[in-house]
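*Asks:* Just passing along the structure, written as structure tokens.
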Amino acid sequence: MAHEHKLAIFRGRLKFKDNIQKIWGVLIFLSLVTLVEVVLGIYKPPILMKPLISAFEPGLAGSTMNFLLSPFIYLKPLNLIFIVLTIVKAYYIAWDFMHLRDEKKGLRRAIVWTPVFLISYLVFILLTEGSYIYDIYHSGFVKWNF
């Protein structure tokens, strides 16, 4: 027993007549997202190269906020844009080309949310460790006396 594929993307806002048109529509959308990434990667606008948040003043409250917001203190908006656009592309590739839209809700969540959580965790760890490595290279090696 065959079933019909859903021929709409963007939660039904854009509808197509057949599967071929839908594939081309998704391909064009993914190409536009990739084009935005490439253009931003080549030109690197100066306004997107400055961190959004600077470090807080010393003290208990400032140190706590620096610890809690450390992945975001030195995060450049351009890096955040790349991370978000990459997740959007991965989501649409899985959703449309791997036909996750037609699966049951539990399977969709298991397939989509597990990698989203793991990728978010990986990005958090990379940004935290990356800022530590930058500080070590920038300020020199610090030897601990135990």
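Note on naming: chains are A, B, ... as they come in the structure tokens, residues start from 1 per chain, ligands start from 1 in the order shown.
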With only C-alpha atoms as the counted atoms, please give the residues lying no more than 9 Å from Thr86 in chain A, apart from itself and same-chain residues fewer than 6 positions off, as a list in words.
*Replies:*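 Everything that qualifies: Val33, Thr34 and Glu37 of chain A.
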*Asks:* Go ahead and write the residues just picked, N, CA and C atoms, as a CSV table (one decimal), in the first residue's frame.
*Replies:*
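The result, written out as result32.csv:
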chain,number,residue,atom,x,y,z
A,33,VAL,N,21.0,28.9,1.3
A,33,VAL,CA,21.6,28.9,2.6
A,33,VAL,C,23.1,28.8,2.5
A,34,THR,N,23.5,27.8,1.6
A,34,THR,CA,25.0,27.6,1.3
A,34,THR,C,25.6,28.9,0.7
A,37,GLU,N,26.2,31.3,3.4
A,37,GLU,CA,27.4,30.9,4.2
A,37,GLU,C,28.7,31.2,3.5
*Asks:* Run DSSP on the backbone and grab whatever in range 11-84 of chain A lands in helix (DSSP H, G or I); send it over as a compact mmCIF listing (two decimals) with C-alpha atoms, in the first residue's frame.
*Replies:*
# COMPACT_ATOMS: atom_id res chain seq x y z
CA ASN A 19 7.75 15.44 -5.90
CA ILE A 20 10.14 16.71 -8.57
CA GLN A 21 9.13 20.32 -7.95
CA LYS A 22 9.47 19.80 -4.22
CA ILE A 23 12.97 18.36 -4.60
CA TRP A 24 13.98 21.35 -6.71
CA GLY A 25 12.42 23.74 -4.17
CA VAL A 26 14.34 22.20 -1.28
CA LEU A 27 17.51 22.15 -3.38
CA ILE A 28 17.13 25.84 -4.17
CA PHE A 29 16.53 26.64 -0.47
CA LEU A 30 19.62 24.68 0.59
CA SER A 31 21.65 26.32 -2.17
CA LEU A 32 20.60 29.77 -0.96
CA VAL A 33 21.60 28.93 2.61
CA THR A 34 24.97 27.63 1.35
CA LEU A 35 25.42 30.77 -0.76
CA VAL A 36 24.82 32.95 2.30
CA GLU A 37 27.42 30.91 4.22
CA VAL A 38 29.97 31.20 1.42
CA VAL A 39 29.45 34.95 0.97
CA LEU A 40 29.75 35.57 4.71
CA GLY A 41 32.83 33.33 4.85
CA ILE A 42 34.54 35.20 2.02
CA TYR A 43 33.71 38.79 3.01
CA PRO A 46 33.68 43.60 10.33
CA ILE A 47 30.49 44.14 12.33
CA LEU A 48 30.10 40.35 12.66
CA LEU A 60 32.17 37.21 42.85
CA ALA A 61 29.23 38.18 40.60
CA GLY A 62 31.49 39.00 37.66
CA SER A 63 33.45 35.77 38.00
CA THR A 64 30.24 33.75 38.21
CA MET A 65 28.85 35.44 35.09
CA ASN A 66 32.16 34.95 33.26
CA PHE A 67 32.05 31.24 34.13
CA LEU A 68 28.41 30.80 33.10
CA SER A 70 32.21 31.81 28.90
CA PRO A 71 31.17 30.12 25.62
CA PHE A 72 29.37 33.30 24.55
CA ILE A 73 31.73 36.01 25.83
CA PRO A 77 28.25 36.62 15.68
CA LEU A 78 29.63 35.25 12.42
CA ASN A 79 30.45 31.92 14.11
CA LEU A 80 26.96 31.79 15.60
CA ILE A 81 25.44 32.43 12.15
CA PHE A 82 27.51 29.58 10.68
CA ILE A 83 26.44 27.21 13.46
CA VAL A 84 22.75 28.04 13.03
*Asks:* Just the residues within 9 Å of range 112-116 of chain A, please, counting only C-alpha atoms, with nothing from its chain fewer than 2 positions along; format it as a list in words.
*Replies:* Ile87, Tyr91, Ala94, Trp95, Leu100, Leu107, Arg108, Arg109, Ala110, Leu118, Ile119, Ser120 and Tyr121 of chain A
*Asks:* Can you tell me how far CA of Leu69 in chain A sits from CA of Ala90 in chain A, in Å to one decimal?
*Replies:* 26.5 Å
*Asks:* Quick check for you: according to DSSP on this backbone, which residues of range 4-84 of chain A are classed as strand (DSSP E)? Reply as a ChimeraX atom specification.
*Replies:* /A:8-9,14-15
*Asks:* Could you tell me how far CA of Phe56 in chain A lies from CA of Leu75 in chain A, in Å and to one decimal?
*Replies:*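 Separation between CA of Phe56 in chain A and CA of Leu75 in chain A: 14.6 Å.
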*Asks:* Rounded to one decimal place, report the CA of Asp102 in chain A-CA of Lys89 in chain A distance in Å.
*Replies:*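 The value is 18.5 Å.
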